[in-house]
Amino acid sequence: MDKFVIEGGNPLNGEVEISGAKNAVLPMMAASLLTEGKSIIRNVPNVQDVMTMKEMLETLGADVSFLREKKQLIIDTTGTIGYEAPYEIVKKMRAGYYVLGPLLAKQHRARVSLPGGCAIGARPVDLHLKGMKELGAEIDIKNGYIEASCDKLKGDYIYLMGKNGTSVGATINVMMASTLADGKTVIEGAALEPEVENVVQFLNKMGAKIKGIGTQHLEIEGVKELHPAEIEVIPDRIEAGTFAVAGIITNGDITIKNVNLLHIETILNKLKEVGGKISIGDNEISVRGNGGIISTDLTVAPYPGFPTDMQAQFMALMTVADGISVITETIFENRFMHVLELNRMGADIVIDGSSAVVKGVKNLYGCPVMASDLRASAALVLAGLSAVGKTDVHRVYHIDRGYEKIEEKLERLGGKIWREKE
Ligand code: EPZ
C-alpha cells in the first residue's frame with residue numbers, strides 16, 4: 001500500500017487541469033451494455049474506479065480498451081454478454097450496481113452482488129430495486145445477490161425520492177433500464193446532478209428518447225433498440241472544488257483549467273464567503289487566498305446545493321478559519337470519518353449528531369493520519385498542505401479511486417507532496 005508524505009506550509013501557485021468526472025464515466029460505461037457495438041467515451045480520468053468498471057465489463061464479455069494518453073475508452077459489446085456482476089468486483093466499487101438496469105433491459109436478466117455499505121454509511125439500494133420492480137422486473141435477494149429477471153420491461157410512473165431526498169444512482173439505473181422498456185416511463189423526483197445530465201446526453205446519442213434533462217421530472221419513451229455512440233465526459237466538479245480549497249488553504253494563487261462554471265457555482269460562492277478571492281474565465285477559474293479564512297456554517301444538499309462530496313474538504317478549510325463553523329451532513333449518516341484524523345492534527349472539532357462544530361485554530365500540525373474514504377482522504381491531504389511540519393497520509397488507495405494523480409498535480413503547483421510505499 002502507498003502513503004503520501006506532505007511537507008506543509010507551501011503556498012500553491014500555477015495552473016492545474018481538471019480531469020473528467022468519475023461519477024459520470026462509471027454509469028456511461030454500464031450504459032454501453034444497452035447496445036451491441038463500439039461506443040467511445042472521451043475525457044475519461046485515469047482513476048482506479050474506471051479500471052474496476054473496465055474489469056466488470058470484461059467479466060461480462062465486453063472488450064474494453066482504455067487509451068490513457070487520449071483519455072478515451074473504447075467499449076465493444078459485440079457478441080455474447082453475460083448477466084452476472086460478481087461480488088469480487090462490486091465489493092471494490094458499489095457503482096458496479098449500474099450494470100443492473102442495462103442488463104435487465106438488454107438481457108432481461110441480471111445477477112448483481114448486493115453492494116455492501118461503505119465507510120460513509122449503509123448505502124441502501126431500495127430505490128434502485130423499487131424502480132426495477134415498477135418496470136416489471138422480478139427481483140429476489142438470494143445469498144447476497146440481486147437476482148432480477150423480466151420478459152420485457154414496461155414503462156411506468158416511478159416516484160424515486162428517498163428519505164434523504166433524490167438518489168443519483170437510482171435515477172441513473174432506473175433511467176437506463178427504462179430506455180428499452182415498452183411504452184413511456186416517468187421518473188418523478190429524479191436527481192439533478194450534472195453527472196445525471198451527462199448520462200442522459202449519452203443515452204440520447206445512443207437513440208434513447210429522454211426528455212426533462214435538468215429537472216426532477218424525466219420522461220423516457222422506450223425504444224426497440226439503441227446503437228453505439230460517442231460522448232464527452234464533463235469536468236469533475238468535485239476535483240475542481242478540491243483544488244479550489246487547496247489554493248485557499250495554502251494561501252496560494254492558482255488557475256484551475258477545464259471547469260464547468262455552472263456546475264461549481266455553489267461551491268465557488270461558499271469559498272468566496274470564507275474569504276477566497278475567485279475570478280472566472282471561460283472554462284477556468286483563478287483562486288487566491290487572502291491571508292485569512294472566515295468561518296461560516298454549511299449544510300450540504302443535493303444539486304444545486306453544496307455537494308456532500310465537498311463536505312470533508314470544506315471542513316478541512318474551516319479547521320483553520322477565524323471563528324466557529326457548524327457543518328451539517330444531510331445525505332450520509334457517517335460522513336465524518338475525517339474528523340478524528342483532523343483533530344489528531346490539532347483541529348478542534350466536536351461532532352453533535354449530523355453536525356460537526358469546528359472551532360478554528362491558528363494552524364494544524366503534521367502527523368501520521370489514516371485515509372478512510374475518498375473525500376475524507378482528500379480532506380487530509382488539504383490539511384497536510386496547510387499544516388506545520390510533515391504529514392503522512394496512509395492508505396491512499398482510497399484517493400486513487402477518484403482522483404487522477406492528485407499528488408503529481410499538487411506537486412506541479414509547488415506542493416511538497418510525494419508518494420512512498422507504506
Ligand atoms: C452518488 O452516490 C455518488 N457516487 C456519491 O459520490 C455521491 O456522494 C452521491 O451520489 C450523492 O451525490 C457515484 O456517483 C458513483 P445517492 P449514490 O443514491 O448514487 C440514499 C464520491 O465521493 N439512498 O444519491 O450511491 C443514500 O443512502 C461518492 O464520489 C437510499 O436511501 O448516492 C443517501 O442517503 C461518494 N436508497 C441518499 O439516498 C437508495 O436506493 C443519496 O444517495 C439509494 C440511495
# chains A, B, ... in the order shown; residues from 1 in each chain; ligands from 1
>>> select_by_dssp(residues="segment 313-384 of chain A", states="helix (DSSP H, G or I)", output="number ranges by chain")
A: 313-318, 337-344, 374-384
>>> residues_near_ligand(ligand="ligand 1", cutoff="6 Å", atoms="only C-alpha atoms and all ligand atoms", output="PyMOL selection string")
chain A and resi 23+95+123-128+162+164+167-170+308-309+331-332+374-375
>>> residues_around(residues="segment 175-179 of chain A", least_positions_apart="4", cutoff="7 Å", atoms="only C-alpha atoms", output="PDB file with N, CA and C atoms, in the first residue's frame")
ATOM      1  N   ALA A  31     -23.821   1.879 -19.338  1.00  0.00           N
ATOM      2  CA  ALA A  31     -24.833   2.141 -20.386  1.00  0.00           C
ATOM      3  C   ALA A  31     -24.443   1.488 -21.710  1.00  0.00           C
ATOM      4  N   GLY A 101     -29.527  -2.123 -14.360  1.00  0.00           N
ATOM      5  CA  GLY A 101     -30.538  -1.578 -15.281  1.00  0.00           C
ATOM      6  C   GLY A 101     -30.288  -2.002 -16.715  1.00  0.00           C
ATOM      7  N   PRO A 102     -29.092  -1.765 -17.242  1.00  0.00           N
ATOM      8  CA  PRO A 102     -28.789  -2.163 -18.623  1.00  0.00           C
ATOM      9  C   PRO A 102     -28.928  -3.667 -18.881  1.00  0.00           C
ATOM     10  N   LEU A 104     -30.826  -5.839 -17.279  1.00  0.00           N
ATOM     11  CA  LEU A 104     -32.249  -6.180 -17.253  1.00  0.00           C
ATOM     12  C   LEU A 104     -32.908  -5.764 -18.563  1.00  0.00           C
ATOM     13  N   ALA A 105     -32.589  -4.566 -19.014  1.00  0.00           N
ATOM     14  CA  ALA A 105     -33.224  -4.039 -20.225  1.00  0.00           C
ATOM     15  C   ALA A 105     -32.809  -4.818 -21.457  1.00  0.00           C
ATOM     16  N   GLY A 155     -42.899   0.421 -19.357  1.00  0.00           N
ATOM     17  CA  GLY A 155     -42.821   1.782 -18.816  1.00  0.00           C
ATOM     18  C   GLY A 155     -43.837   2.007 -17.720  1.00  0.00           C
ATOM     19  N   THR A 171     -31.702   7.130  -9.850  1.00  0.00           N
ATOM     20  CA  THR A 171     -32.195   7.849 -11.036  1.00  0.00           C
ATOM     21  C   THR A 171     -31.542   7.303 -12.298  1.00  0.00           C
ATOM     22  N   THR A 185     -41.987   5.890 -19.612  1.00  0.00           N
ATOM     23  CA  THR A 185     -41.697   5.909 -18.164  1.00  0.00           C
ATOM     24  C   THR A 185     -41.557   7.359 -17.733  1.00  0.00           C
ATOM     25  N   ALA A 208     -31.815   6.876 -27.404  1.00  0.00           N
ATOM     26  CA  ALA A 208     -32.882   6.891 -26.384  1.00  0.00           C
ATOM     27  C   ALA A 208     -33.695   8.164 -26.547  1.00  0.00           C
ATOM     28  N   ILE A 220     -39.208   9.160 -20.321  1.00  0.00           N
ATOM     29  CA  ILE A 220     -38.427   8.300 -21.210  1.00  0.00           C
ATOM     30  C   ILE A 220     -39.383   7.500 -22.088  1.00  0.00           C
ATOM     31  N   GLU A 221     -39.314   7.703 -23.399  1.00  0.00           N
ATOM     32  CA  GLU A 221     -40.131   6.945 -24.353  1.00  0.00           C
ATOM     33  C   GLU A 221     -39.313   5.699 -24.720  1.00  0.00           C
ATOM     34  N   GLY A 222     -39.754   4.512 -24.329  1.00  0.00           N
ATOM     35  CA  GLY A 222     -38.975   3.303 -24.631  1.00  0.00           C
ATOM     36  C   GLY A 222     -38.808   3.119 -26.133  1.00  0.00           C
ATOM     37  N   VAL A 223     -37.649   2.609 -26.548  1.00  0.00           N
ATOM     38  CA  VAL A 223     -37.397   2.321 -27.979  1.00  0.00           C
ATOM     39  C   VAL A 223     -37.034   0.846 -28.116  1.00  0.00           C
TER      40      VAL A 223
END
>>> residues_around(residues="Met337 of chain A", least_positions_apart="5", cutoff="8 Å", atoms="only C-alpha atoms", output="JSON, numbers by chain")
{"A": [119, 120, 372, 373, 376]}
>>> write_last_selection(atoms="N, CA and C atoms", output="PDB file, in the first residue's frame")
ATOM      1  N   ALA A 119     -17.647   3.108   4.119  1.00  0.00           N
ATOM      2  CA  ALA A 119     -17.221   3.897   5.285  1.00  0.00           C
ATOM      3  C   ALA A 119     -18.229   5.009   5.606  1.00  0.00           C
ATOM      4  N   ILE A 120     -18.907   5.531   4.559  1.00  0.00           N
ATOM      5  CA  ILE A 120     -19.732   6.727   4.842  1.00  0.00           C
ATOM      6  C   ILE A 120     -21.177   6.377   5.181  1.00  0.00           C
ATOM      7  N   SER A 372      -9.740   7.099   4.959  1.00  0.00           N
ATOM      8  CA  SER A 372     -10.821   6.119   5.224  1.00  0.00           C
ATOM      9  C   SER A 372     -11.768   6.018   4.035  1.00  0.00           C
ATOM     10  N   ASP A 373     -12.079   7.134   3.389  1.00  0.00           N
ATOM     11  CA  ASP A 373     -12.888   7.078   2.179  1.00  0.00           C
ATOM     12  C   ASP A 373     -12.404   8.184   1.262  1.00  0.00           C
ATOM     13  N   ALA A 376     -12.789  11.995   2.435  1.00  0.00           N
ATOM     14  CA  ALA A 376     -12.128  12.229   3.729  1.00  0.00           C
ATOM     15  C   ALA A 376     -10.622  12.261   3.515  1.00  0.00           C
TER      16      ALA A 376
END
>>> atom_distance(atom1="atom CA of Ile6 of chain A", atom2="atom CA of Thr328 of chain A")
28.5 Å
>>> closest_residue(among="A:Asp182, A:Glu58, A:Glu422, A:Glu197", to="Ile213 of chain A", atoms="only C-alpha atoms")
A:Glu197
>>> closest_residue(among="A:Leu385, A:Cys367, A:Leu26, A:Ala137", to="Met53 of chain A", atoms="only C-alpha atoms")
A:Leu26
>>> residues_around(residues="Tyr397 of chain A", least_positions_apart="2", cutoff="8 Å", atoms="only C-alpha atoms", output="JSON, numbers by chain")
{"A": [1, 2, 395, 399, 400, 401]}
>>> residues_around(residues="segment 9-15 of chain A", least_positions_apart="5", cutoff="12 Å", atoms="only C-alpha atoms", output="ChimeraX atom specification")
/A:240,243-258,284-291,363-366,382-391,409-417
>>> select_by_dssp(residues="segment 237-404 of chain A", states="strand (DSSP E)", output="count of residues only")
39
>>> residues_around(residues="Glu341 of chain A", least_positions_apart="2", cutoff="12 Å", atoms="only C-alpha atoms", output="PDB file with N, CA, C and O atoms, in the first residue's frame")
ATOM      1  N   ALA A 312     -16.129  17.225   3.418  1.00  0.00           N
ATOM      2  CA  ALA A 312     -14.884  16.965   4.163  1.00  0.00           C
ATOM      3  C   ALA A 312     -13.812  17.990   3.804  1.00  0.00           C
ATOM      4  O   ALA A 312     -13.109  18.519   4.674  1.00  0.00           O
ATOM      5  N   MET A 315     -14.578  21.206   5.422  1.00  0.00           N
ATOM      6  CA  MET A 315     -14.302  21.160   6.867  1.00  0.00           C
ATOM      7  C   MET A 315     -12.815  21.371   7.132  1.00  0.00           C
ATOM      8  O   MET A 315     -12.435  22.096   8.057  1.00  0.00           O
ATOM      9  N   ALA A 316     -11.974  20.778   6.294  1.00  0.00           N
ATOM     10  CA  ALA A 316     -10.517  20.972   6.461  1.00  0.00           C
ATOM     11  C   ALA A 316     -10.199  22.465   6.436  1.00  0.00           C
ATOM     12  O   ALA A 316      -9.415  22.973   7.236  1.00  0.00           O
ATOM     13  N   THR A 319     -11.147  24.284   9.655  1.00  0.00           N
ATOM     14  CA  THR A 319     -10.363  23.989  10.878  1.00  0.00           C
ATOM     15  C   THR A 319      -9.356  25.110  11.155  1.00  0.00           C
ATOM     16  O   THR A 319      -8.907  25.275  12.283  1.00  0.00           O
ATOM     17  N   PHE A 336     -18.312  11.630   8.669  1.00  0.00           N
ATOM     18  CA  PHE A 336     -17.411  12.465   9.463  1.00  0.00           C
ATOM     19  C   PHE A 336     -16.134  11.709   9.841  1.00  0.00           C
ATOM     20  O   PHE A 336     -15.504  12.003  10.843  1.00  0.00           O
ATOM     21  N   MET A 337     -15.755  10.723   8.993  1.00  0.00           N
ATOM     22  CA  MET A 337     -14.584   9.898   9.316  1.00  0.00           C
ATOM     23  C   MET A 337     -13.309  10.737   9.383  1.00  0.00           C
ATOM     24  O   MET A 337     -12.330  10.374   9.987  1.00  0.00           O
ATOM     25  N   HIS A 338     -13.320  11.879   8.722  1.00  0.00           N
ATOM     26  CA  HIS A 338     -12.129  12.732   8.674  1.00  0.00           C
ATOM     27  C   HIS A 338     -11.951  13.527   9.979  1.00  0.00           C
ATOM     28  O   HIS A 338     -10.881  14.030  10.255  1.00  0.00           O
ATOM     29  N   VAL A 339     -13.038  13.612  10.806  1.00  0.00           N
ATOM     30  CA  VAL A 339     -12.995  14.489  11.992  1.00  0.00           C
ATOM     31  C   VAL A 339     -11.908  14.055  12.963  1.00  0.00           C
ATOM     32  O   VAL A 339     -11.057  14.857  13.366  1.00  0.00           O
ATOM     33  N   ASN A 343      -8.631  16.144  14.006  1.00  0.00           N
ATOM     34  CA  ASN A 343      -8.355  16.516  15.408  1.00  0.00           C
ATOM     35  C   ASN A 343      -6.965  16.062  15.843  1.00  0.00           C
ATOM     36  O   ASN A 343      -6.285  16.744  16.613  1.00  0.00           O
ATOM     37  N   ARG A 344      -6.500  14.935  15.302  1.00  0.00           N
ATOM     38  CA  ARG A 344      -5.136  14.491  15.627  1.00  0.00           C
ATOM     39  C   ARG A 344      -4.116  15.486  15.107  1.00  0.00           C
ATOM     40  O   ARG A 344      -3.002  15.593  15.624  1.00  0.00           O
ATOM     41  N   MET A 345      -4.505  16.245  14.078  1.00  0.00           N
ATOM     42  CA  MET A 345      -3.581  17.261  13.512  1.00  0.00           C
ATOM     43  C   MET A 345      -3.712  18.593  14.245  1.00  0.00           C
ATOM     44  O   MET A 345      -3.155  19.602  13.838  1.00  0.00           O
ATOM     45  N   GLY A 346      -4.547  18.591  15.322  1.00  0.00           N
ATOM     46  CA  GLY A 346      -4.659  19.827  16.109  1.00  0.00           C
ATOM     47  C   GLY A 346      -5.930  20.602  15.855  1.00  0.00           C
ATOM     48  O   GLY A 346      -6.135  21.691  16.385  1.00  0.00           O
ATOM     49  N   ALA A 347      -6.822  20.036  15.024  1.00  0.00           N
ATOM     50  CA  ALA A 347      -8.103  20.735  14.805  1.00  0.00           C
ATOM     51  C   ALA A 347      -8.952  20.595  16.059  1.00  0.00           C
ATOM     52  O   ALA A 347      -8.687  19.741  16.915  1.00  0.00           O
ATOM     53  N   ASP A 348      -9.984  21.437  16.156  1.00  0.00           N
ATOM     54  CA  ASP A 348     -10.861  21.404  17.331  1.00  0.00           C
ATOM     55  C   ASP A 348     -12.295  21.234  16.829  1.00  0.00           C
ATOM     56  O   ASP A 348     -12.978  22.214  16.516  1.00  0.00           O
ATOM     57  N   ILE A 349     -12.681  19.954  16.643  1.00  0.00           N
ATOM     58  CA  ILE A 349     -13.990  19.648  16.053  1.00  0.00           C
ATOM     59  C   ILE A 349     -14.755  18.742  17.006  1.00  0.00           C
ATOM     60  O   ILE A 349     -14.202  17.752  17.495  1.00  0.00           O
ATOM     61  N   LEU A 364      -2.721  23.840  11.890  1.00  0.00           N
ATOM     62  CA  LEU A 364      -2.680  22.400  12.162  1.00  0.00           C
ATOM     63  C   LEU A 364      -1.214  21.970  12.226  1.00  0.00           C
ATOM     64  O   LEU A 364      -0.324  22.699  11.784  1.00  0.00           O
ATOM     65  N   TYR A 365      -0.985  20.798  12.809  1.00  0.00           N
ATOM     66  CA  TYR A 365       0.367  20.256  12.914  1.00  0.00           C
ATOM     67  C   TYR A 365       0.424  18.906  12.197  1.00  0.00           C
ATOM     68  O   TYR A 365      -0.479  18.072  12.363  1.00  0.00           O
ATOM     69  N   GLY A 366       1.441  18.720  11.387  1.00  0.00           N
ATOM     70  CA  GLY A 366       1.572  17.471  10.638  1.00  0.00           C
ATOM     71  C   GLY A 366       1.723  16.277  11.552  1.00  0.00           C
ATOM     72  O   GLY A 366       2.325  16.385  12.623  1.00  0.00           O
ATOM     73  N   CYS A 367       1.137  15.148  11.155  1.00  0.00           N
ATOM     74  CA  CYS A 367       1.330  13.884  11.897  1.00  0.00           C
ATOM     75  C   CYS A 367       0.829  12.742  11.019  1.00  0.00           C
ATOM     76  O   CYS A 367       0.191  12.992   9.990  1.00  0.00           O
ATOM     77  N   PRO A 368       1.063  11.486  11.381  1.00  0.00           N
ATOM     78  CA  PRO A 368       0.559  10.370  10.569  1.00  0.00           C
ATOM     79  C   PRO A 368      -0.960  10.296  10.693  1.00  0.00           C
ATOM     80  O   PRO A 368      -1.492  10.390  11.788  1.00  0.00           O
ATOM     81  N   VAL A 369      -1.674  10.206   9.571  1.00  0.00           N
ATOM     82  CA  VAL A 369      -3.146  10.069   9.593  1.00  0.00           C
ATOM     83  C   VAL A 369      -3.550   8.949   8.643  1.00  0.00           C
ATOM     84  O   VAL A 369      -2.766   8.528   7.784  1.00  0.00           O
ATOM     85  N   MET A 370      -4.793   8.482   8.806  1.00  0.00           N
ATOM     86  CA  MET A 370      -5.281   7.342   8.035  1.00  0.00           C
ATOM     87  C   MET A 370      -6.432   7.758   7.130  1.00  0.00           C
ATOM     88  O   MET A 370      -7.418   8.317   7.596  1.00  0.00           O
ATOM     89  N   ALA A 371      -6.280   7.479   5.830  1.00  0.00           N
ATOM     90  CA  ALA A 371      -7.393   7.762   4.918  1.00  0.00           C
ATOM     91  C   ALA A 371      -8.474   6.705   5.139  1.00  0.00           C
ATOM     92  O   ALA A 371      -8.176   5.562   5.468  1.00  0.00           O
ATOM     93  N   SER A 372      -9.740   7.099   4.959  1.00  0.00           N
ATOM     94  CA  SER A 372     -10.821   6.119   5.224  1.00  0.00           C
ATOM     95  C   SER A 372     -11.768   6.018   4.035  1.00  0.00           C
ATOM     96  O   SER A 372     -12.258   4.957   3.698  1.00  0.00           O
ATOM     97  N   ALA A 376     -12.789  11.995   2.435  1.00  0.00           N
ATOM     98  CA  ALA A 376     -12.128  12.229   3.729  1.00  0.00           C
ATOM     99  C   ALA A 376     -10.622  12.261   3.515  1.00  0.00           C
ATOM    100  O   ALA A 376      -9.904  13.086   4.076  1.00  0.00           O
ATOM    101  N   SER A 377     -10.159  11.382   2.622  1.00  0.00           N
ATOM    102  CA  SER A 377      -8.704  11.330   2.340  1.00  0.00           C
ATOM    103  C   SER A 377      -8.258  12.622   1.681  1.00  0.00           C
ATOM    104  O   SER A 377      -7.211  13.162   2.006  1.00  0.00           O
ATOM    105  N   ALA A 379      -9.520  15.470   2.135  1.00  0.00           N
ATOM    106  CA  ALA A 379      -9.511  16.487   3.201  1.00  0.00           C
ATOM    107  C   ALA A 379      -8.219  16.414   3.996  1.00  0.00           C
ATOM    108  O   ALA A 379      -7.630  17.436   4.361  1.00  0.00           O
ATOM    109  N   LEU A 380      -7.708  15.201   4.220  1.00  0.00           N
ATOM    110  CA  LEU A 380      -6.470  15.041   4.988  1.00  0.00           C
ATOM    111  C   LEU A 380      -5.272  15.563   4.193  1.00  0.00           C
ATOM    112  O   LEU A 380      -4.341  16.148   4.750  1.00  0.00           O
ATOM    113  N   VAL A 381      -5.312  15.402   2.877  1.00  0.00           N
ATOM    114  CA  VAL A 381      -4.236  15.944   2.028  1.00  0.00           C
ATOM    115  C   VAL A 381      -4.252  17.474   2.112  1.00  0.00           C
ATOM    116  O   VAL A 381      -3.215  18.122   2.310  1.00  0.00           O
ATOM    117  N   ALA A 383      -5.409  19.287   4.537  1.00  0.00           N
ATOM    118  CA  ALA A 383      -4.954  19.664   5.889  1.00  0.00           C
ATOM    119  C   ALA A 383      -3.437  19.565   5.971  1.00  0.00           C
ATOM    120  O   ALA A 383      -2.765  20.455   6.506  1.00  0.00           O
ATOM    121  N   GLY A 384      -2.880  18.507   5.367  1.00  0.00           N
ATOM    122  CA  GLY A 384      -1.417  18.328   5.382  1.00  0.00           C
ATOM    123  C   GLY A 384      -0.695  19.444   4.662  1.00  0.00           C
ATOM    124  O   GLY A 384       0.367  19.914   5.088  1.00  0.00           O
ATOM    125  N   THR A 391       3.200  15.509   7.281  1.00  0.00           N
ATOM    126  CA  THR A 391       2.036  14.633   7.453  1.00  0.00           C
ATOM    127  C   THR A 391       2.187  13.410   6.557  1.00  0.00           C
ATOM    128  O   THR A 391       2.545  13.555   5.393  1.00  0.00           O
ATOM    129  N   ASP A 392       1.976  12.229   7.131  1.00  0.00           N
ATOM    130  CA  ASP A 392       1.904  11.003   6.324  1.00  0.00           C
ATOM    131  C   ASP A 392       0.446  10.614   6.222  1.00  0.00           C
ATOM    132  O   ASP A 392      -0.214  10.401   7.245  1.00  0.00           O
ATOM    133  N   VAL A 393      -0.087  10.547   5.005  1.00  0.00           N
ATOM    134  CA  VAL A 393      -1.471  10.082   4.814  1.00  0.00           C
ATOM    135  C   VAL A 393      -1.401   8.626   4.358  1.00  0.00           C
ATOM    136  O   VAL A 393      -0.922   8.341   3.253  1.00  0.00           O
ATOM    137  N   HIS A 394      -1.833   7.707   5.223  1.00  0.00           N
ATOM    138  CA  HIS A 394      -1.754   6.277   4.906  1.00  0.00           C
ATOM    139  C   HIS A 394      -2.989   5.824   4.129  1.00  0.00           C
ATOM    140  O   HIS A 394      -4.025   6.476   4.173  1.00  0.00           O
TER     141      HIS A 394
END
>>> closest_residue(among="A:Gly323, A:Pro228, A:Pro45, A:Gly183", to="Lys209 of chain A", atoms="only C-alpha atoms")
A:Gly183
>>> atom_distance(atom1="atom CA of Leu33 of chain A", atom2="atom CA of Pro86 of chain A")
16.0 Å
